[in-house]
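Input: a single structure, listed below in structure tokens.
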Amino acid sequence: MIQSMTGFGKASLQLPTKKITVEVKSLNSKGLDLNVRMPSLYREMELGLRTQISTKLERGKIDFAIYLESTAEQTSTKVNVPVVKGYIAQLKEVNPDADETELMKMAVRMPDTLKTEREEIDENDWEQIQAIIDEALQNILNFRKDEGESLEKEFNLRIGNIRQYMNDALALDPERIQAIKDRLQNAIAELEVNVDENRFEQELIYYLEKLDITEEKVRLTNHLDYFLETLNGSEANGRKLGFITQEMGREINTMGSKSNHAQMQKLVVMMKDELEKIKEQVLNVL
């Protein structure tokens, strides 16, 4: 079953002093374009996370984010008391009569008056965070599969339409061939010249062979069948589906150039329209 590259997954966790939220968003892309945002506390885990994400999601423009919200009453940022006292002492030397409160206001605006104690990663916390990362990735995979089911229905509809239009065009072939014969015979009759009937028949056969679309019909049918076979395969392969649509387009274009018949050309245009809709959606396939 195919999967879409479009998806969204989210999971959250409440730890004793913080709430962790993981979000993963994905859009279509030719390759893997991975953007990871996470608190500096967990930055050392980024390389492993990138490998984990790329293994599961494979392709797409992916935005992965870990959000941390502190729920503790205490903060890791503290006033650097010795530094503040040092600034106040120096300011008093500059202006001994200055108000103590004003000196305090000036001192706390100086550099290094606040210090943040670096928090170390708690292994137990990280194991729980890893679990919700797996959950968020599974959620986006489920989203992709659901989107893939919708795409599969769309592809089956469009392929069926192309096949029907092709069969309708082939049903017009006897009428088309007869119209070409009549047009050539009328043109010769208008010239009022004598022609060798045998030679005329040979030239007519040669001309009609150039306009024959049997080979294009066979190849297009094979491409339609191969598209559905790939669609129902065990491995999702958007690139292969894209290559097959290119081959389908070549056969449809050749049919159009050979048709030389107004109604058949209309059917070819309808086939092209269906194929363009397929191409647009194939870009979203993993």
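FYI, nothing fancy with the structure tokens labels: chains A, B, ... in order, residues from 1 per chain, ligands from 1 as they appear.
All residues within stretch 60-138 of chain A that the backbone DSSP calculation assigns to strand (DSSP E) are A:Gly60, A:Lys61, A:Ile62, A:Asp63, A:Phe64, A:Ala65, A:Ile66, A:Tyr67, A:Leu68, A:Glu69, A:Ser70, A:Thr77, A:Lys78, A:Val79, A:Leu114, A:Lys115, A:Thr116.
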Show me a table, sorted first by chain and then by increasing residue number, of the residues of stretch 80-174 of chain A having an atom at most 10 Å from stretch 272-275 of chain A, each with its shortest atom pair and the distance in Å to one decimal, counting only C-alpha atoms and written as JSON lines.
{"residue": "A:Phe155", "atom": "CA", "partner": "A:Glu274", "partner_atom": "CA", "distance": 9.5}
{"residue": "A:Leu157", "atom": "CA", "partner": "A:Glu274", "partner_atom": "CA", "distance": 9.3}
{"residue": "A:Arg158", "atom": "CA", "partner": "A:Glu274", "partner_atom": "CA", "distance": 5.7}
{"residue": "A:Ile159", "atom": "CA", "partner": "A:Glu274", "partner_atom": "CA", "distance": 7.8}
{"residue": "A:Gly160", "atom": "CA", "partner": "A:Glu274", "partner_atom": "CA", "distance": 9.6}
{"residue": "A:Asn161", "atom": "CA", "partner": "A:Glu274", "partner_atom": "CA", "distance": 7.2}
{"residue": "A:Ile162", "atom": "CA", "partner": "A:Glu274", "partner_atom": "CA", "distance": 6.6}
{"residue": "A:Tyr165", "atom": "CA", "partner": "A:Glu274", "partner_atom": "CA", "distance": 9.9}
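Nearest-residue note for A:Phe143: choosing from A:Ile129, A:Ile66, A:Leu49, A:Leu57, the minimum distance belongs to A:Leu57, counting only C-alpha atoms.
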**Q.** Near-A:Lys56 list (9 Å; only C-alpha atoms; drop same-chain fewer than 2 positions) as a VMD selection string
**A.** chain A and resid 51 to 54 58 137 to 138 141
Q) Taking into account only C-alpha atoms, which residue in the set A:Gln263, A:Ser150, A:Thr214, A:Ser257 is nearest to A:Glu175? A) A:Gln263
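Residues with any atom within 10 Å of A:Ala11, counting only C-alpha atoms and excluding same-chain neighbours fewer than 4 positions away, are Ile20, Thr21, Val22, Glu23, Val24, Ile66, Ile129, Ala131, Ile132, Ile133, Asp134, Glu135, Ala136, Leu137, Gln138 and Asn139 of chain A.
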Q: Apply DSSP to the backbone of this structure and, from stretch 109-177 of chain A, keep only the residues in helix (DSSP H, G or I); write these as a PyMOL selection string.
A: chain A and resi 123-171+173-177
Mind dumping the selected residues with C-alpha atoms as a PDB file, in the first residue's frame?
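Written out: out_33.pdb:
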ATOM      1  CA  GLU A 123      18.390   9.056  31.651  1.00  0.00           C
ATOM      2  CA  ASN A 124      14.974   8.074  33.011  1.00  0.00           C
ATOM      3  CA  ASP A 125      13.427  11.257  31.627  1.00  0.00           C
ATOM      4  CA  TRP A 126      15.032  10.677  28.242  1.00  0.00           C
ATOM      5  CA  GLU A 127      13.666   7.132  28.057  1.00  0.00           C
ATOM      6  CA  GLN A 128      10.159   8.529  28.565  1.00  0.00           C
ATOM      7  CA  ILE A 129      10.787  11.283  26.001  1.00  0.00           C
ATOM      8  CA  GLN A 130      12.028   8.657  23.551  1.00  0.00           C
ATOM      9  CA  ALA A 131       8.743   6.813  24.014  1.00  0.00           C
ATOM     10  CA  ILE A 132       6.657   9.843  22.995  1.00  0.00           C
ATOM     11  CA  ILE A 133       9.000  10.487  20.053  1.00  0.00           C
ATOM     12  CA  ASP A 134       8.193   6.950  18.872  1.00  0.00           C
ATOM     13  CA  GLU A 135       4.508   7.672  19.455  1.00  0.00           C
ATOM     14  CA  ALA A 136       4.614  10.902  17.420  1.00  0.00           C
ATOM     15  CA  LEU A 137       6.441   9.139  14.573  1.00  0.00           C
ATOM     16  CA  GLN A 138       3.881   6.334  14.605  1.00  0.00           C
ATOM     17  CA  ASN A 139       1.082   8.909  14.520  1.00  0.00           C
ATOM     18  CA  ILE A 140       2.522  10.574  11.426  1.00  0.00           C
ATOM     19  CA  LEU A 141       2.984   7.159   9.781  1.00  0.00           C
ATOM     20  CA  ASN A 142      -0.685   6.380  10.447  1.00  0.00           C
ATOM     21  CA  PHE A 143      -1.602   9.767   8.966  1.00  0.00           C
ATOM     22  CA  ARG A 144       0.503   9.004   5.883  1.00  0.00           C
ATOM     23  CA  LYS A 145      -1.171   5.622   5.433  1.00  0.00           C
ATOM     24  CA  ASP A 146      -4.646   7.161   5.640  1.00  0.00           C
ATOM     25  CA  GLU A 147      -3.641   9.753   3.054  1.00  0.00           C
ATOM     26  CA  GLY A 148      -2.164   6.949   0.934  1.00  0.00           C
ATOM     27  CA  GLU A 149      -5.519   5.137   0.890  1.00  0.00           C
ATOM     28  CA  SER A 150      -7.179   8.263  -0.480  1.00  0.00           C
ATOM     29  CA  LEU A 151      -4.465   8.624  -3.120  1.00  0.00           C
ATOM     30  CA  GLU A 152      -4.849   4.987  -4.131  1.00  0.00           C
ATOM     31  CA  LYS A 153      -8.585   5.448  -4.736  1.00  0.00           C
ATOM     32  CA  GLU A 154      -7.840   8.542  -6.798  1.00  0.00           C
ATOM     33  CA  PHE A 155      -5.230   6.716  -8.899  1.00  0.00           C
ATOM     34  CA  ASN A 156      -7.517   3.757  -9.570  1.00  0.00           C
ATOM     35  CA  LEU A 157     -10.236   6.151 -10.733  1.00  0.00           C
ATOM     36  CA  ARG A 158      -7.913   8.090 -13.054  1.00  0.00           C
ATOM     37  CA  ILE A 159      -6.267   4.980 -14.519  1.00  0.00           C
ATOM     38  CA  GLY A 160      -9.713   3.517 -15.185  1.00  0.00           C
ATOM     39  CA  ASN A 161     -10.738   6.723 -16.948  1.00  0.00           C
ATOM     40  CA  ILE A 162      -7.645   6.698 -19.178  1.00  0.00           C
ATOM     41  CA  ARG A 163      -8.284   3.061 -20.077  1.00  0.00           C
ATOM     42  CA  GLN A 164     -11.914   3.831 -20.953  1.00  0.00           C
ATOM     43  CA  TYR A 165     -10.984   6.852 -23.093  1.00  0.00           C
ATOM     44  CA  MET A 166      -8.351   4.752 -24.880  1.00  0.00           C
ATOM     45  CA  ASN A 167     -10.916   2.042 -25.660  1.00  0.00           C
ATOM     46  CA  ASP A 168     -13.361   4.690 -26.859  1.00  0.00           C
ATOM     47  CA  ALA A 169     -10.660   6.074 -29.162  1.00  0.00           C
ATOM     48  CA  LEU A 170      -9.914   2.596 -30.549  1.00  0.00           C
ATOM     49  CA  ALA A 171     -13.619   2.083 -31.245  1.00  0.00           C
ATOM     50  CA  ASP A 173     -10.455   3.620 -35.495  1.00  0.00           C
ATOM     51  CA  PRO A 174     -12.463   2.022 -38.372  1.00  0.00           C
ATOM     52  CA  GLU A 175     -14.327   5.290 -38.892  1.00  0.00           C
ATOM     53  CA  ARG A 176     -11.045   7.223 -38.775  1.00  0.00           C
ATOM     54  CA  ILE A 177      -9.346   4.948 -41.325  1.00  0.00           C
TER      55      ILE A 177
END
Q: Identify, on the basis of only C-alpha atoms, every residue whose closest approach to A:Val285 does not exceed 12 Å; exclude the query and any residue fewer than 3 positions from it along the same chain; express the result as JSON, numbers by chain.
A: {"A": [1, 2, 3, 4, 5, 6, 7, 26, 27, 28, 29, 30, 31, 58, 59, 60, 144, 145, 147, 148, 149, 150, 151, 152, 155, 230, 231, 235, 236, 237, 238, 239, 240, 241, 242, 278, 279, 280, 281, 282]}
What lies within 9 Å of A:Met248 using only C-alpha atoms, ignoring chain neighbours under 6 positions off, as a PDB file with C-alpha atoms, in the first residue's frame?
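Wrote it out as out_14.pdb, contents follow:
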ATOM      1  CA  ARG A 219       2.300  -0.080 -24.731  1.00  0.00           C
ATOM      2  CA  LEU A 220      -0.127   2.265 -22.961  1.00  0.00           C
ATOM      3  CA  THR A 221      -2.115  -0.724 -21.696  1.00  0.00           C
ATOM      4  CA  HIS A 223       2.007   1.022 -18.602  1.00  0.00           C
ATOM      5  CA  LEU A 224      -1.464   1.274 -17.044  1.00  0.00           C
ATOM      6  CA  LEU A 275      -2.755  11.890 -16.592  1.00  0.00           C
TER       7      LEU A 275
END
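The coordinates place atom CA of A:Ser40 at 23.5 Å from atom CA of A:Thr55.
Close contacts of A:Glu69, defined as residues with an atom at most 12 Å away when counting only C-alpha atoms, with chain neighbours fewer than 5 positions off set aside, comprise Ser12, Leu13, Gln14, Leu15, Pro16, Thr17, Lys18, Lys19, Ile20, Thr21, Val22, Met38, Pro39 and Thr75 of chain A.
Taking atom CA of A:Leu47 and atom CA of A:Asp122 as endpoints, the distance between them is 18.0 Å.
Closest approach to A:Gly249 among A:Ala262, A:Asn95, A:Ser234, A:Val268 is made by A:Val268 (distances from only C-alpha atoms).
When only C-alpha atoms are used to compute distances to A:Leu103, the closest of the residues A:Gly48, A:Gly9, A:Gly256, A:Gly86 turns out to be A:Gly86.
Counting only C-alpha atoms and comparing A:Val79, A:Leu41, A:Leu172, A:Val36, the residue that lies closest to A:Glu120 is A:Leu41.
Atom pair atom CA of A:Lys61 / atom CA of A:Leu34: separated by 6.1 Å.
Distances to A:Pro82 were evaluated for A:Ala98, A:Leu68, A:Ala107, A:Val269 using only C-alpha atoms, and the minimum falls at A:Ala107.
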